[in-house]
Amino acid sequence: MTWSFSIGHLFGSELRVHATFFLLLAWIGTAAWIGTAAWIADGPLAAGVNILFVLVLFACVVAHEFGHALMARRYGIATPDITLLPIGGLARLDRMPERPLQEIAVAVAGPAVNVVIWAVLVGLGADTDVERLMSIEDPAAGFWGRLAAVNLFLVLFNMIPAFPMDGGRVFRAALTLVVGRVQATRLAARSGQVLAFAFGFLGLTSGSPVLVLIAIFIFVAAGAESADVALRDMARHMRARDAMITQFESLRPSDTLQIASNAVIRTTQHEFPVTDPGGGLRGFLTRNALFTALAHGSNTRSVAEAMTTGIPTVQLAAPLDAALDALQDTGAPAVAVTEPTGRMVGYITRENIGELMVISGRDRQY
C-alpha cells in the first residue's frame with residue numbers, strides 16, 4: 001500500500017504502518033494536551049497516556065487482523081501483509097475463501113480475538129460498565145476499563161451485517177447459499193454503502209472527521225469488492241487470448257531511456273515489453289518507471305536499469321482469472337501470454353481486463 005512502510009514480520013506476515021497513522025497519534029496527543037482533564041494537571045502526561053492507549057488499542061487491532069490471517073491460513077490462504085491505518089487495520093489476504101462456511105470462519109475469527117481480549121481484561125478486574133462505550137475517550141474512565149470497552153465495541157461494530165465489515169462477509173456467505181456469490185456480494189455491498197451514507201451524515205452533523213473517513217472507506221471498499229467479484233465471475237468464462245494485447249512495440253534491454261521516451265510519445269502504450277534479440281521476454285518498462293528513471297538520471301542509461309523483471313506468464317488457453325491472480329499475487333504491471341513453445345504473443349494488464357469486462361457486460365445487455 002502506498003505511503004506505508006514495514007516495521008517487521010510476525011507469524012509469516014509483514015507488519016506495515018501507514019504514514020497517516022502518525023497523524024492520528026499527533027492529533028490524539030495534541031487534543032489531550034490542550035483539553036487536559038481535571039484529574040491530570042500535567043498536559044504532557046495526559047497526551048502520553050492517550051497516545052499509549054491508542055498504541056495498546058492498535059495492538060488489539062493487529063491481534064484482530066491476525067485472527068483473520070491465521071484462520072485463512074488453515075484453508076491455504078496466505079496473508080502477505082497487515083497494514084495499520086488511522087481507521088483500523090487491513091489484512092491483505094491472497095484471496096477470500098469462496099466456500100460459505102470457510103468465509104464465515106475467517107470473518108468471525110477477528111471479532112473472536114477481541115472477545116477473548118475483553119474476557120481476559122474482565123477476568124483481571126477491568127471495570128466494564130456499559131457506560132464505558134459512551135465515554136471511551138475520557139481518561140478518567142480508567143485505562144483498562146476503556147480498553148475492554150473498545151474491544152467490545154470492535155466486536156459489535158465489525159459484526160454489523162454490511163460489507164466490508166466482518167458481519168457483512170458473514171451476511172454475504174449466508175446469501176451465497178441462496179442467490180449465488182455475485183448477487184450476494186452486490187447485496188452486501190449495497191448494505192455497506194447505505195451504512196457509509198449513515199456514518200457520513202453522522203460525521204458531518206457531529207463534526208467527527210473520523211466517522212467521515214470511515215464512511216468513505218466503507219463506501220469505496222464495498223464498491224470495489226462488488227466489482228472485483230463480478231469481474232472474477234466473468235473472467236472464469238474467458239481465456240487469456242480473449243483479453244491480451246497483440247499490437248504493441250517492444251524495446252531491447254540495451255535501448256536507452258531516450259529511445260523509450262520516443263516510443264512513449266509515438267504510441268499510446270503505457271507499458272513496453274523488453275525482449276532480447278531472440279524474442280525472449282526480459283521484463284516490462286512502464287511509463288511511471290521511465291519517468292522516475294529520467295528524473296533521477298541521464299536519458300542515456302539503458303532500459304534494463306529501469307525495467308520490471310519477474311513478469312508472470314500464462315498460456316493462451318489459460319482461464320482469464322489465472323491472469324488476474326498472477327497480477328494480484330506478483331504486483332507486476334502485466335502478464336505475458338505465451339504459446340506452448342514459450343514465445344510471447346501478447347500481454348494482459350489490469351486496465352485492458354477492465355475494458356474487456358465493460359464491453360462484455362454491455363454485449364450481454366443486448
# chains A, B, ... in the order shown; residues from 1 in each chain; ligands from 1
>>> select_by_dssp(residues="segment 36-254 of chain A", states="helix (DSSP H, G or I)", output="PyMOL selection string")
chain A and resi 43-74+100-123+130-134+139-141+143-158+166-179+181-206+209-235+240-243
>>> closest_atom_pairs(of="segment 301-322 of chain A", to="segment 274-283 of chain A", cutoff="9 Å", atoms="only C-alpha atoms", output="Markdown table")
| residue | atom | partner | partner_atom | distance |
| --- | --- | --- | --- | --- |
| A:Val303 | CA | A:Val274 | CA | 8.0 |
| A:Ala304 | CA | A:Val274 | CA | 8.0 |
| A:Met307 | CA | A:Gly283 | CA | 6.0 |
| A:Thr308 | CA | A:Gly283 | CA | 5.3 |
| A:Thr309 | CA | A:Gly283 | CA | 4.4 |
| A:Gly310 | CA | A:Gly283 | CA | 6.8 |
| A:Ile311 | CA | A:Gly283 | CA | 6.1 |
>>> residues_around(residues="Met357 of chain A", least_positions_apart="5", cutoff="9 Å", atoms="only C-alpha atoms", output="list in words")
Leu231, Met234, Ala235, Asn352 and Arg362 of chain A
>>> residues_around(residues="segment 339-342 of chain A", least_positions_apart="4", cutoff="9 Å", atoms="only C-alpha atoms", output="PDB file with C-alpha atoms, in the first residue's frame")
ATOM      1  CA  GLY A 280      12.630 -13.833 -25.147  1.00  0.00           C
ATOM      2  CA  VAL A 314       0.114 -17.659 -18.735  1.00  0.00           C
ATOM      3  CA  GLN A 315      -0.730 -19.860 -21.702  1.00  0.00           C
ATOM      4  CA  LEU A 316      -3.064 -18.714 -24.487  1.00  0.00           C
ATOM      5  CA  ALA A 317      -5.779 -21.131 -23.397  1.00  0.00           C
TER       6      ALA A 317
END
>>> closest_atom_pairs(of="segment 159-277 of chain A", to="segment 329-335 of chain A", cutoff="10 Å", atoms="only C-alpha atoms", output="CSV")
residue,atom,partner,partner_atom,distance
A:Ala240,CA,A:Val335,CA,9.7
A:Met244,CA,A:Val335,CA,9.0
A:His270,CA,A:Pro333,CA,9.6
A:Glu271,CA,A:Pro333,CA,7.6
A:Phe272,CA,A:Ala334,CA,9.6
A:Pro273,CA,A:Ala334,CA,9.1
>>> write_last_selection(atoms="N, CA, C and O atoms", output="mmCIF file, in the first residue's frame")
data_model
loop_
_atom_site.group_PDB
_atom_site.id
_atom_site.type_symbol
_atom_site.label_atom_id
_atom_site.label_comp_id
_atom_site.auth_asym_id
_atom_site.auth_seq_id
_atom_site.Cartn_x
_atom_site.Cartn_y
_atom_site.Cartn_z
ATOM 1 N N ALA A 240 -7.259 -16.340 -21.644
ATOM 2 C CA ALA A 240 -6.255 -15.285 -21.732
ATOM 3 C C ALA A 240 -6.216 -14.668 -23.130
ATOM 4 O O ALA A 240 -6.033 -13.455 -23.281
ATOM 5 N N MET A 244 -5.877 -10.434 -24.288
ATOM 6 C CA MET A 244 -4.488 -9.989 -24.456
ATOM 7 C C MET A 244 -4.346 -8.886 -25.501
ATOM 8 O O MET A 244 -5.107 -8.800 -26.466
ATOM 9 N N HIS A 270 1.192 2.163 -22.371
ATOM 10 C CA HIS A 270 1.589 2.565 -21.020
ATOM 11 C C HIS A 270 2.697 1.682 -20.480
ATOM 12 O O HIS A 270 3.281 1.985 -19.447
ATOM 13 N N GLU A 271 2.953 0.568 -21.165
ATOM 14 C CA GLU A 271 3.999 -0.347 -20.763
ATOM 15 C C GLU A 271 4.585 -0.976 -22.033
ATOM 16 O O GLU A 271 3.882 -1.169 -23.022
ATOM 17 N N PHE A 272 5.873 -1.286 -21.959
ATOM 18 C CA PHE A 272 6.571 -1.816 -23.126
ATOM 19 C C PHE A 272 7.287 -3.107 -22.749
ATOM 20 O O PHE A 272 8.103 -3.121 -21.817
ATOM 21 N N PRO A 273 6.995 -4.215 -23.471
ATOM 22 C CA PRO A 273 7.768 -5.435 -23.245
ATOM 23 C C PRO A 273 9.237 -5.194 -23.619
ATOM 24 O O PRO A 273 9.530 -4.524 -24.612
#
>>> atom_distance(atom1="atom CA of Arg186 of chain A", atom2="atom CA of Val229 of chain A")
8.8 Å
>>> residues_around(residues="Phe291 of chain A", least_positions_apart="6", cutoff="12 Å", atoms="only C-alpha atoms", output="PDB file with C-alpha atoms, in the first residue's frame")
ATOM      1  CA  LEU A 257      15.816   5.770 -21.980  1.00  0.00           C
ATOM      2  CA  GLN A 258      15.734   8.351 -24.783  1.00  0.00           C
ATOM      3  CA  ALA A 260      11.955   4.578 -24.727  1.00  0.00           C
ATOM      4  CA  SER A 261      10.843   8.217 -24.371  1.00  0.00           C
ATOM      5  CA  VAL A 264       6.048   6.731 -25.356  1.00  0.00           C
ATOM      6  CA  HIS A 270       1.589   2.565 -21.020  1.00  0.00           C
ATOM      7  CA  GLU A 271       3.999  -0.347 -20.763  1.00  0.00           C
ATOM      8  CA  LEU A 285       9.155  -0.910 -18.775  1.00  0.00           C
ATOM      9  CA  GLY A 297      19.479  10.175 -14.113  1.00  0.00           C
ATOM     10  CA  SER A 298      20.586  10.603 -17.683  1.00  0.00           C
ATOM     11  CA  ASN A 299      18.455   9.608 -20.659  1.00  0.00           C
ATOM     12  CA  VAL A 303      16.190   0.366 -20.413  1.00  0.00           C
ATOM     13  CA  ALA A 306      14.579   0.732 -15.173  1.00  0.00           C
ATOM     14  CA  MET A 307      12.504  -2.246 -16.296  1.00  0.00           C
TER      15      MET A 307
END
>>> closest_residue(among="A:Gly200, A:Ala107, A:Ile82, A:Val179", to="Ile160 of chain A", atoms="only C-alpha atoms")
A:Ala107
>>> select_by_dssp(residues="segment 160-308 of chain A", states="strand (DSSP E)", output="CSV table (one decimal) with all heavy atoms, in the first residue's frame")
chain,number,residue,atom,x,y,z
A,271,GLU,N,3.0,0.6,-21.2
A,271,GLU,CA,4.0,-0.3,-20.8
A,271,GLU,C,4.6,-1.0,-22.0
A,271,GLU,O,3.9,-1.2,-23.0
A,271,GLU,CB,3.5,-1.4,-19.8
A,271,GLU,CG,2.3,-2.2,-20.3
A,271,GLU,CD,1.0,-1.5,-20.3
A,271,GLU,OE1,0.7,-0.9,-19.2
A,271,GLU,OE2,0.3,-1.4,-21.3
A,272,PHE,N,5.9,-1.3,-22.0
A,272,PHE,CA,6.6,-1.8,-23.1
A,272,PHE,C,7.3,-3.1,-22.7
A,272,PHE,O,8.1,-3.1,-21.8
A,272,PHE,CB,7.6,-0.8,-23.6
A,272,PHE,CG,7.0,0.5,-24.2
A,272,PHE,CD1,6.6,1.5,-23.4
A,272,PHE,CD2,6.8,0.6,-25.6
A,272,PHE,CE1,6.0,2.6,-23.9
A,272,PHE,CE2,6.2,1.7,-26.1
A,272,PHE,CZ,5.8,2.8,-25.2
A,273,PRO,N,7.0,-4.2,-23.5
A,273,PRO,CA,7.8,-5.4,-23.2
A,273,PRO,C,9.2,-5.2,-23.6
A,273,PRO,O,9.5,-4.5,-24.6
A,273,PRO,CB,7.1,-6.4,-24.2
A,273,PRO,CG,5.8,-5.9,-24.5
A,273,PRO,CD,5.9,-4.4,-24.5
A,274,VAL,N,10.1,-5.7,-22.8
A,274,VAL,CA,11.6,-5.6,-23.1
A,274,VAL,C,12.0,-7.0,-23.5
A,274,VAL,O,12.0,-7.9,-22.6
A,274,VAL,CB,12.3,-5.1,-21.9
A,274,VAL,CG1,13.8,-5.0,-22.3
A,274,VAL,CG2,11.8,-3.7,-21.5
A,275,THR,N,12.4,-7.2,-24.7
A,275,THR,CA,12.8,-8.5,-25.2
A,275,THR,C,14.2,-8.6,-25.7
A,275,THR,O,14.8,-7.6,-26.1
A,275,THR,CB,11.8,-9.0,-26.3
A,275,THR,OG1,11.9,-8.0,-27.4
A,275,THR,CG2,10.4,-9.0,-25.9
A,281,LEU,N,11.3,-12.7,-23.4
A,281,LEU,CA,10.9,-11.6,-22.6
A,281,LEU,C,11.9,-11.5,-21.4
A,281,LEU,O,12.2,-12.4,-20.7
A,281,LEU,CB,9.5,-11.9,-22.0
A,281,LEU,CG,8.9,-10.8,-21.1
A,281,LEU,CD1,8.7,-9.5,-21.9
A,281,LEU,CD2,7.6,-11.2,-20.5
A,282,ARG,N,12.4,-10.2,-21.3
A,282,ARG,CA,13.3,-9.9,-20.2
A,282,ARG,C,12.6,-9.1,-19.1
A,282,ARG,O,13.0,-9.1,-17.9
A,282,ARG,CB,14.5,-9.1,-20.7
A,282,ARG,CG,15.3,-9.8,-21.7
A,282,ARG,CD,16.3,-10.8,-21.0
A,282,ARG,NE,17.2,-10.1,-20.1
A,282,ARG,CZ,18.3,-9.5,-20.5
A,282,ARG,NH1,18.7,-9.5,-21.8
A,282,ARG,NH2,19.1,-8.9,-19.7
A,283,GLY,N,11.6,-8.4,-19.4
A,283,GLY,CA,10.9,-7.6,-18.4
A,283,GLY,C,9.9,-6.6,-19.1
A,283,GLY,O,9.6,-6.7,-20.3
A,284,PHE,N,9.4,-5.7,-18.3
A,284,PHE,CA,8.5,-4.6,-18.8
A,284,PHE,C,8.9,-3.3,-18.3
A,284,PHE,O,9.4,-3.1,-17.2
A,284,PHE,CB,7.0,-4.9,-18.3
A,284,PHE,CG,6.2,-5.6,-19.3
A,284,PHE,CD1,6.3,-7.0,-19.4
A,284,PHE,CD2,5.3,-5.0,-20.2
A,284,PHE,CE1,5.5,-7.7,-20.3
A,284,PHE,CE2,4.5,-5.6,-21.1
A,284,PHE,CZ,4.6,-7.0,-21.2
A,285,LEU,N,8.9,-2.3,-19.2
A,285,LEU,CA,9.2,-0.9,-18.8
A,285,LEU,C,7.8,-0.1,-18.8
A,285,LEU,O,7.2,0.0,-19.8
A,285,LEU,CB,10.2,-0.3,-19.7
A,285,LEU,CG,10.5,1.2,-19.4
A,285,LEU,CD1,11.3,1.3,-18.1
A,285,LEU,CD2,11.2,1.9,-20.6
A,286,THR,N,7.4,0.4,-17.6
A,286,THR,CA,6.2,1.2,-17.6
A,286,THR,C,6.5,2.7,-17.7
A,286,THR,O,7.7,3.1,-17.5
A,286,THR,CB,5.5,1.0,-16.2
A,286,THR,OG1,6.3,1.5,-15.2
A,286,THR,CG2,5.2,-0.5,-16.0
>>> atom_distance(atom1="atom CA of Val358 of chain A", atom2="atom CA of Asp166 of chain A")
29.2 Å
>>> residues_around(residues="Leu15 of chain A", least_positions_apart="4", cutoff="8 Å", atoms="only C-alpha atoms", output="list in words")
Ser6, Ile7, Gly8, His9, Leu10, Asp81, Ile82, Thr83 and Leu84 of chain A
>>> write_last_selection(atoms="N, CA, C and O atoms", output="CSV table (one decimal), in the first residue's frame")
chain,number,residue,atom,x,y,z
A,6,SER,N,7.3,-0.9,6.3
A,6,SER,CA,7.4,-2.1,7.1
A,6,SER,C,8.0,-1.8,8.5
A,6,SER,O,8.9,-1.1,8.6
A,7,ILE,N,7.4,-2.5,9.5
A,7,ILE,CA,8.0,-2.4,10.8
A,7,ILE,C,8.5,-3.8,11.3
A,7,ILE,O,8.8,-4.0,12.5
A,8,GLY,N,8.4,-4.8,10.5
A,8,GLY,CA,8.8,-6.2,10.8
A,8,GLY,C,7.9,-7.2,10.3
A,8,GLY,O,6.9,-7.0,9.6
A,9,HIS,N,8.1,-8.5,10.7
A,9,HIS,CA,7.3,-9.6,10.3
A,9,HIS,C,6.9,-10.4,11.6
A,9,HIS,O,7.6,-10.4,12.6
A,10,LEU,N,5.7,-10.9,11.5
A,10,LEU,CA,5.1,-11.7,12.6
A,10,LEU,C,4.2,-12.8,12.0
A,10,LEU,O,3.3,-12.5,11.2
A,81,ASP,N,0.6,-9.3,4.1
A,81,ASP,CA,0.9,-8.1,5.0
A,81,ASP,C,-0.4,-7.7,5.7
A,81,ASP,O,-1.5,-8.0,5.3
A,82,ILE,N,-0.1,-7.0,6.8
A,82,ILE,CA,-1.2,-6.3,7.6
A,82,ILE,C,-0.8,-4.9,7.8
A,82,ILE,O,0.4,-4.6,8.2
A,83,THR,N,-1.6,-4.0,7.4
A,83,THR,CA,-1.3,-2.5,7.5
A,83,THR,C,-2.2,-1.8,8.5
A,83,THR,O,-3.4,-2.0,8.5
A,84,LEU,N,-1.5,-1.0,9.3
A,84,LEU,CA,-2.2,-0.2,10.3
A,84,LEU,C,-2.6,1.1,9.7
A,84,LEU,O,-1.7,1.8,9.2
>>> atom_distance(atom1="atom CA of Ala196 of chain A", atom2="atom CA of Ile51 of chain A")
27.6 Å
>>> residues_around(residues="Arg99 of chain A", least_positions_apart="3", cutoff="8 Å", atoms="only C-alpha atoms", output="VMD selection string")
chain A and resid 102 to 103 173
>>> closest_residue(among="A:Gln328, A:Glu225, A:Ile104, A:Leu90", to="Thr176 of chain A", atoms="only C-alpha atoms")
A:Ile104
>>> closest_residue(among="A:Pro161, A:Gly203, A:Gly145, A:Pro312", to="Trp118 of chain A", atoms="only C-alpha atoms")
A:Gly145
>>> decode(residues="segment 100-112 of chain A", atoms="N, CA, C and O atoms", output="PDB file, in the first residue's frame")
ATOM      1  N   PRO A 100     -18.859 -20.841   1.534  1.00  0.00           N
ATOM      2  CA  PRO A 100     -19.514 -20.008   2.552  1.00  0.00           C
ATOM      3  C   PRO A 100     -19.065 -20.288   3.985  1.00  0.00           C
ATOM      4  O   PRO A 100     -18.792 -19.354   4.736  1.00  0.00           O
ATOM      5  N   LEU A 101     -18.968 -21.550   4.371  1.00  0.00           N
ATOM      6  CA  LEU A 101     -18.604 -21.863   5.748  1.00  0.00           C
ATOM      7  C   LEU A 101     -17.168 -21.436   6.060  1.00  0.00           C
ATOM      8  O   LEU A 101     -16.868 -20.977   7.160  1.00  0.00           O
ATOM      9  N   GLN A 102     -16.280 -21.575   5.081  1.00  0.00           N
ATOM     10  CA  GLN A 102     -14.905 -21.132   5.276  1.00  0.00           C
ATOM     11  C   GLN A 102     -14.843 -19.607   5.402  1.00  0.00           C
ATOM     12  O   GLN A 102     -14.094 -19.074   6.226  1.00  0.00           O
ATOM     13  N   GLU A 103     -15.614 -18.902   4.570  1.00  0.00           N
ATOM     14  CA  GLU A 103     -15.614 -17.441   4.651  1.00  0.00           C
ATOM     15  C   GLU A 103     -16.160 -16.969   6.001  1.00  0.00           C
ATOM     16  O   GLU A 103     -15.653 -16.016   6.587  1.00  0.00           O
ATOM     17  N   ILE A 104     -17.179 -17.648   6.496  1.00  0.00           N
ATOM     18  CA  ILE A 104     -17.731 -17.290   7.808  1.00  0.00           C
ATOM     19  C   ILE A 104     -16.683 -17.500   8.890  1.00  0.00           C
ATOM     20  O   ILE A 104     -16.509 -16.658   9.782  1.00  0.00           O
ATOM     21  N   ALA A 105     -15.966 -18.622   8.813  1.00  0.00           N
ATOM     22  CA  ALA A 105     -14.938 -18.906   9.825  1.00  0.00           C
ATOM     23  C   ALA A 105     -13.849 -17.840   9.817  1.00  0.00           C
ATOM     24  O   ALA A 105     -13.420 -17.360  10.876  1.00  0.00           O
ATOM     25  N   VAL A 106     -13.394 -17.429   8.619  1.00  0.00           N
ATOM     26  CA  VAL A 106     -12.361 -16.395   8.524  1.00  0.00           C
ATOM     27  C   VAL A 106     -12.890 -15.069   9.030  1.00  0.00           C
ATOM     28  O   VAL A 106     -12.196 -14.314   9.732  1.00  0.00           O
ATOM     29  N   ALA A 107     -14.144 -14.749   8.703  1.00  0.00           N
ATOM     30  CA  ALA A 107     -14.723 -13.460   9.092  1.00  0.00           C
ATOM     31  C   ALA A 107     -14.893 -13.326  10.606  1.00  0.00           C
ATOM     32  O   ALA A 107     -14.596 -12.275  11.183  1.00  0.00           O
ATOM     33  N   VAL A 108     -15.360 -14.379  11.274  1.00  0.00           N
ATOM     34  CA  VAL A 108     -15.639 -14.270  12.710  1.00  0.00           C
ATOM     35  C   VAL A 108     -14.391 -14.455  13.561  1.00  0.00           C
ATOM     36  O   VAL A 108     -14.406 -14.153  14.759  1.00  0.00           O
ATOM     37  N   ALA A 109     -13.293 -14.937  12.948  1.00  0.00           N
ATOM     38  CA  ALA A 109     -12.069 -15.168  13.720  1.00  0.00           C
ATOM     39  C   ALA A 109     -11.521 -13.872  14.299  1.00  0.00           C
ATOM     40  O   ALA A 109     -10.993 -13.858  15.418  1.00  0.00           O
ATOM     41  N   GLY A 110     -11.640 -12.765  13.550  1.00  0.00           N
ATOM     42  CA  GLY A 110     -11.143 -11.479  14.046  1.00  0.00           C
ATOM     43  C   GLY A 110     -11.904 -10.995  15.270  1.00  0.00           C
ATOM     44  O   GLY A 110     -11.307 -10.742  16.333  1.00  0.00           O
ATOM     45  N   PRO A 111     -13.242 -10.837  15.179  1.00  0.00           N
ATOM     46  CA  PRO A 111     -14.013 -10.444  16.364  1.00  0.00           C
ATOM     47  C   PRO A 111     -13.858 -11.411  17.533  1.00  0.00           C
ATOM     48  O   PRO A 111     -13.914 -10.992  18.692  1.00  0.00           O
ATOM     49  N   ALA A 112     -13.647 -12.700  17.246  1.00  0.00           N
ATOM     50  CA  ALA A 112     -13.466 -13.671  18.325  1.00  0.00           C
ATOM     51  C   ALA A 112     -12.238 -13.335  19.159  1.00  0.00           C
ATOM     52  O   ALA A 112     -12.225 -13.521  20.386  1.00  0.00           O
TER      53      ALA A 112
END
